[in-house]
Amino acid sequence: MKHWLSERLPIDFDRLRSLTNEPVPGHLKRWWFALGGTAAYLFFVQLGTGLLLLFFYVAEPGRAFDSVREISSAVPFGWWIRSLHKWSASGMIVALCLHTLRVFFTDAYRKPRELTWVVGCLLLFATLGAGLSGYSLVYEQLSYWGATVTSNLVGALPLFGGWLARLIRGGEEVGPATLTRFFVLHIAVLPAMILLLVAVHIALVRIHGISELRFRDQENEPRTFPFLPDHLLTELAIALTIMTLLNVLAVIFPAQLGERANPLQTPEHIRPEWYFYFAFRWLKLTTLRIGVIGTVLAAVLMVLWPAVDGGLRRLSPRRELSPLLGVAAVLVVVMLTIWEAVS
Ligand code: HEM
């Protein structure tokens, strides 16, 4: 069989095996250090469930809401697939936040992994964009008005804000073209971007290897262990556990549907998905322009953190400032999120 295959597919499988089977550092046996794989797994759950939803979703303002209602109530297992899609979106964002924290607090973004960090940040932003655009497709009151608020926020950006807002709205106001734009962003542009960025990210991780950490209880163990089958089996066990958790959440808390979008009636309380609570609360505390510019600057600061960190270390060679600033940033984000959640 091997001979038959190698005649038709002249690929050096032994070389391919050695290329995909680079030893990984011992600390990756701990889940906390292998969260990148969890994010990747949840992204594939998103792609699979999203693809199934596409068979029934209709991206047209007059029919979008009804098609989602039909998915939830009439399509066999539609409620389940929709709920898995929604919960895995939240799960992916949780995994990405934790992955970012572990990379940050283990200094894994430092030389030579600065580009891996930058690509990671772009992945985080693209994933948040996918969450935002997906929320608008449901065409319920909150998602419709969420799209309106988002496009107004984009419009408040200096220089190209107006142009960008018109581009995503498909006109001066939120209208029928907006749903098409959000739909294309959600099902094509952002997933393609994420796939491409994940490929570049993993390539960079392979080029530089994963940063090594040693723990006292691992002193007598070998420094590395094989990717195949050991690490793959750990990842599979994690995937099965997460799938169980997603199913439990989908059954106990299935995805809900609010009121149909009404462009003539602004709801009393507009609220985004939980992962935008911090930004929403921050925007409420400032004026529109300052809030938007502050958010963009924070994102730019995050992307450029490896360079900022280099400057800080030259300024204060004896005392590490990055972990302190990191803790402060996490506390601010958590505090703003809780504040928005309880108000
Ligand atoms: C879909 C999104 C992402 C995927 C699939 C992903 C995947 C991975 C994987 C599989 C690794 C190998 C080690 C591990 O699992 O932790 C890794 C490492 C890394 N990731 Fe990500 N990642 C993503 C997003 C991010 C984000 C948001 C950041 C930071 C802002 C980031 C920064 C890094 C860095 C710097 C490393 C190297 C860590 C080291 O060498 O110890 N990644 N990523």
# chains A, B, ... in the order shown; residues from 1 in each chain; ligands from 1

call {"tool": "closest_atom_pairs", "arguments": {"of": "chain A", "to": "ligand 1", "cutoff": "6 Å", "atoms": "only C-alpha atoms and all ligand atoms", "output": "Markdown table"}}
result
| residue | atom | partner | partner_atom_place_in_ligand_line | distance |
| --- | --- | --- | --- | --- |
| A:Phe33 | CA | ligand 1 | 16 (O) | 5.0 |
| A:Ala34 | CA | ligand 1 | 15 (O) | 3.4 |
| A:Leu35 | CA | ligand 1 | 15 (O) | 4.6 |
| A:Gly36 | CA | ligand 1 | 15 (O) | 3.5 |
| A:Gly37 | CA | ligand 1 | 10 (C) | 4.2 |
| A:Ala39 | CA | ligand 1 | 5 (C) | 5.0 |
| A:Ala40 | CA | ligand 1 | 5 (C) | 3.8 |
| A:Leu96 | CA | ligand 1 | 27 (C) | 5.4 |
| A:Thr100 | CA | ligand 1 | 29 (C) | 4.4 |
| A:Val103 | CA | ligand 1 | 35 (C) | 5.5 |
| A:Ala108 | CA | ligand 1 | 41 (O) | 4.7 |
| A:Tyr109 | CA | ligand 1 | 35 (C) | 4.2 |
| A:Arg113 | CA | ligand 1 | 35 (C) | 5.6 |
| A:Thr116 | CA | ligand 1 | 35 (C) | 4.9 |
| A:Trp117 | CA | ligand 1 | 35 (C) | 4.2 |
| A:Gly120 | CA | ligand 1 | 26 (C) | 3.4 |
| A:Cys121 | CA | ligand 1 | 30 (C) | 4.0 |
| A:Leu123 | CA | ligand 1 | 2 (C) | 5.2 |
| A:Leu124 | CA | ligand 1 | 27 (C) | 4.5 |
| A:Val198 | CA | ligand 1 | 5 (C) | 5.5 |
| A:Val205 | CA | ligand 1 | 37 (C) | 5.7 |
| A:Ile210 | CA | ligand 1 | 40 (O) | 3.4 |
| A:Ser211 | CA | ligand 1 | 40 (O) | 3.9 |

call {"tool": "select_by_dssp", "arguments": {"residues": "stretch 80-281 of chain A", "states": "alpha helix (DSSP H)", "output": "VMD selection string"}}
result
chain A and resid 80 to 105 114 to 137 141 to 155 161 to 169 176 to 184 190 to 208 232 to 252 277 to 281

call {"tool": "residues_around", "arguments": {"residues": "stretch 11-24 of chain A", "least_positions_apart": "4", "cutoff": "12 Å", "atoms": "only C-alpha atoms", "output": "count of residues only"}}
result
33

call {"tool": "residues_around", "arguments": {"residues": "stretch 296-309 of chain A", "least_positions_apart": "5", "cutoff": "10 Å", "atoms": "only C-alpha atoms", "output": "NGL selection string"}}
result
:A and (104 or 107-115 or 117-122 or 125 or 157 or 290-291 or 314-315 or 320-323 or 329)

call {"tool": "write_last_selection", "arguments": {"atoms": "C-alpha atoms", "output": "PDB file, in the first residue's frame"}}
result
ATOM      1  CA  PHE A 104       2.615  38.044  28.288  1.00  0.00           C
ATOM      2  CA  ASP A 107       7.779  36.995  28.532  1.00  0.00           C
ATOM      3  CA  ALA A 108       7.275  34.761  25.487  1.00  0.00           C
ATOM      4  CA  TYR A 109       6.689  37.853  23.280  1.00  0.00           C
ATOM      5  CA  ARG A 110      10.305  38.993  23.677  1.00  0.00           C
ATOM      6  CA  LYS A 111      13.084  38.561  21.126  1.00  0.00           C
ATOM      7  CA  PRO A 112      12.880  36.666  18.755  1.00  0.00           C
ATOM      8  CA  ARG A 113       9.100  36.214  19.070  1.00  0.00           C
ATOM      9  CA  GLU A 114       7.942  39.827  18.555  1.00  0.00           C
ATOM     10  CA  LEU A 115       6.337  39.051  15.187  1.00  0.00           C
ATOM     11  CA  TRP A 117       3.017  38.446  19.198  1.00  0.00           C
ATOM     12  CA  VAL A 118       2.027  40.992  16.518  1.00  0.00           C
ATOM     13  CA  VAL A 119       0.318  38.313  14.395  1.00  0.00           C
ATOM     14  CA  GLY A 120      -1.352  37.030  17.600  1.00  0.00           C
ATOM     15  CA  CYS A 121      -2.755  40.501  18.306  1.00  0.00           C
ATOM     16  CA  LEU A 122      -4.167  40.676  14.766  1.00  0.00           C
ATOM     17  CA  PHE A 125      -8.771  41.623  16.807  1.00  0.00           C
ATOM     18  CA  LEU A 157     -12.344  57.784  14.123  1.00  0.00           C
ATOM     19  CA  ILE A 290     -11.947  60.410  23.142  1.00  0.00           C
ATOM     20  CA  GLY A 291     -13.394  56.970  23.848  1.00  0.00           C
ATOM     21  CA  ARG A 314      16.442  50.067  29.034  1.00  0.00           C
ATOM     22  CA  LEU A 315      14.905  52.750  31.295  1.00  0.00           C
ATOM     23  CA  GLU A 320      10.798  44.687  35.473  1.00  0.00           C
ATOM     24  CA  LEU A 321       7.917  47.080  34.769  1.00  0.00           C
ATOM     25  CA  SER A 322       5.995  45.032  32.172  1.00  0.00           C
ATOM     26  CA  PRO A 323       4.443  42.530  34.641  1.00  0.00           C
ATOM     27  CA  ALA A 329      -4.200  46.555  32.511  1.00  0.00           C
TER      28      ALA A 329
END

call {"tool": "residues_around", "arguments": {"residues": "A:Arg181", "least_positions_apart": "6", "cutoff": "9 Å", "atoms": "only C-alpha atoms", "output": "PyMOL selection string"}}
result
chain A and resi 167-170

call {"tool": "write_last_selection", "arguments": {"atoms": "C-alpha atoms", "output": "compact mmCIF listing (two decimals), in the first residue's frame"}}
result
# COMPACT_ATOMS: atom_id res chain seq x y z
CA LEU A 167 -17.82 51.24 3.77
CA ILE A 168 -19.15 48.90 6.45
CA ARG A 169 -22.68 50.40 6.36
CA GLY A 170 -22.89 50.42 2.59

call {"tool": "residues_around", "arguments": {"residues": "A:Gly91", "least_positions_apart": "3", "cutoff": "9 Å", "atoms": "only C-alpha atoms", "output": "VMD selection string"}}
result
chain A and resid 39 42 86 to 88 94 to 96 242 246

call {"tool": "residues_around", "arguments": {"residues": "A:Glu259", "least_positions_apart": "5", "cutoff": "10 Å", "atoms": "only C-alpha atoms", "output": "JSON, numbers by chain"}}
result
{"A": [65, 139, 140, 141, 142, 143, 267]}

call {"tool": "write_last_selection", "arguments": {"atoms": "C-alpha atoms", "output": "mmCIF file, in the first residue's frame"}}
result
data_model
loop_
_atom_site.group_PDB
_atom_site.id
_atom_site.type_symbol
_atom_site.label_atom_id
_atom_site.label_comp_id
_atom_site.auth_asym_id
_atom_site.auth_seq_id
_atom_site.Cartn_x
_atom_site.Cartn_y
_atom_site.Cartn_z
ATOM 1 C CA PHE A 65 -34.671 37.218 11.935
ATOM 2 C CA TYR A 139 -31.283 40.923 13.269
ATOM 3 C CA GLU A 140 -32.918 41.227 16.647
ATOM 4 C CA GLN A 141 -33.274 44.637 18.299
ATOM 5 C CA LEU A 142 -29.967 44.452 20.172
ATOM 6 C CA SER A 143 -27.994 43.196 17.199
ATOM 7 C CA PRO A 267 -34.271 49.950 22.735
#

call {"tool": "decode", "arguments": {"residues": "stretch 105-142 of chain A", "atoms": "N, CA and C atoms", "output": "short mmCIF file (atom, residue, chain, number, x, y, z; two decimals), in the first residue's frame"}}
result
data_model
loop_
_atom_site.label_atom_id
_atom_site.label_comp_id
_atom_site.auth_asym_id
_atom_site.auth_seq_id
_atom_site.Cartn_x
_atom_site.Cartn_y
_atom_site.Cartn_z
N PHE A 105 2.81 37.05 30.50
CA PHE A 105 3.43 36.92 31.82
C PHE A 105 4.59 35.91 31.86
N THR A 106 4.81 35.18 30.74
CA THR A 106 6.02 34.33 30.71
C THR A 106 7.06 34.97 29.78
N ASP A 107 6.84 36.24 29.40
CA ASP A 107 7.78 37.00 28.53
C ASP A 107 8.01 36.32 27.19
N ALA A 108 7.06 35.51 26.74
CA ALA A 108 7.28 34.76 25.49
C ALA A 108 7.16 35.66 24.25
N TYR A 109 6.81 36.93 24.43
CA TYR A 109 6.69 37.85 23.28
C TYR A 109 8.02 38.54 22.99
N ARG A 110 9.02 38.30 23.85
CA ARG A 110 10.31 38.99 23.68
C ARG A 110 11.12 38.37 22.56
N LYS A 111 12.22 39.02 22.21
CA LYS A 111 13.08 38.56 21.13
C LYS A 111 13.32 37.05 21.19
N PRO A 112 13.17 36.28 20.15
CA PRO A 112 12.88 36.67 18.75
C PRO A 112 11.41 36.51 18.38
N ARG A 113 10.49 36.57 19.36
CA ARG A 113 9.10 36.21 19.07
C ARG A 113 8.18 37.44 18.94
N GLU A 114 8.76 38.61 18.65
CA GLU A 114 7.94 39.83 18.55
C GLU A 114 6.89 39.71 17.46
N LEU A 115 7.30 39.14 16.30
CA LEU A 115 6.34 39.05 15.19
C LEU A 115 5.21 38.07 15.51
N THR A 116 5.55 37.01 16.26
CA THR A 116 4.52 36.03 16.66
C THR A 116 3.47 36.76 17.49
N TRP A 117 3.93 37.65 18.37
CA TRP A 117 3.02 38.45 19.20
C TRP A 117 2.14 39.35 18.33
N VAL A 118 2.78 40.05 17.36
CA VAL A 118 2.03 40.99 16.52
C VAL A 118 0.94 40.24 15.74
N VAL A 119 1.31 39.10 15.15
CA VAL A 119 0.32 38.31 14.40
C VAL A 119 -0.77 37.83 15.36
N GLY A 120 -0.38 37.45 16.59
CA GLY A 120 -1.35 37.03 17.60
C GLY A 120 -2.35 38.13 17.90
N CYS A 121 -1.85 39.38 18.03
CA CYS A 121 -2.76 40.50 18.31
C CYS A 121 -3.76 40.66 17.17
N LEU A 122 -3.26 40.54 15.92
CA LEU A 122 -4.17 40.68 14.77
C LEU A 122 -5.22 39.57 14.81
N LEU A 123 -4.80 38.38 15.27
CA LEU A 123 -5.76 37.27 15.40
C LEU A 123 -6.84 37.60 16.43
N LEU A 124 -6.39 38.18 17.52
CA LEU A 124 -7.36 38.54 18.58
C LEU A 124 -8.37 39.56 18.03
N PHE A 125 -7.86 40.59 17.33
CA PHE A 125 -8.77 41.62 16.81
C PHE A 125 -9.72 41.04 15.75
N ALA A 126 -9.18 40.17 14.88
CA ALA A 126 -10.04 39.57 13.84
C ALA A 126 -11.12 38.71 14.49
N THR A 127 -10.76 38.01 15.60
CA THR A 127 -11.75 37.16 16.27
C THR A 127 -12.83 38.03 16.92
N LEU A 128 -12.41 39.15 17.54
CA LEU A 128 -13.41 40.04 18.13
C LEU A 128 -14.32 40.61 17.03
N GLY A 129 -13.72 40.91 15.87
CA GLY A 129 -14.51 41.41 14.73
C GLY A 129 -15.52 40.38 14.28
N ALA A 130 -15.12 39.10 14.31
CA ALA A 130 -16.05 38.03 13.90
C ALA A 130 -17.21 37.95 14.89
N GLY A 131 -16.90 38.12 16.19
CA GLY A 131 -17.96 38.10 17.21
C GLY A 131 -18.94 39.24 16.99
N LEU A 132 -18.40 40.42 16.72
CA LEU A 132 -19.22 41.62 16.53
C LEU A 132 -20.12 41.48 15.29
N SER A 133 -19.52 41.04 14.18
CA SER A 133 -20.31 40.95 12.94
C SER A 133 -21.35 39.83 13.05
N GLY A 134 -20.99 38.73 13.75
CA GLY A 134 -21.94 37.62 13.89
C GLY A 134 -23.16 38.02 14.70
N TYR A 135 -22.94 38.82 15.74
CA TYR A 135 -24.02 39.27 16.61
C TYR A 135 -25.07 40.05 15.79
N SER A 136 -24.59 40.82 14.80
CA SER A 136 -25.50 41.66 14.02
C SER A 136 -26.36 40.85 13.05
N LEU A 137 -25.91 39.65 12.69
CA LEU A 137 -26.64 38.87 11.69
C LEU A 137 -28.01 38.39 12.18
N VAL A 138 -28.14 38.25 13.52
CA VAL A 138 -29.38 37.72 14.09
C VAL A 138 -30.57 38.64 13.78
N TYR A 139 -30.27 39.92 13.60
CA TYR A 139 -31.28 40.92 13.27
C TYR A 139 -32.38 41.05 14.32
N GLU A 140 -31.99 40.89 15.57
CA GLU A 140 -32.92 41.23 16.65
C GLU A 140 -32.61 42.67 17.04
N GLN A 141 -33.45 43.23 17.95
CA GLN A 141 -33.27 44.64 18.30
C GLN A 141 -31.84 44.96 18.71
N LEU A 142 -31.30 44.14 19.65
CA LEU A 142 -29.97 44.45 20.17
C LEU A 142 -28.90 44.33 19.10
#
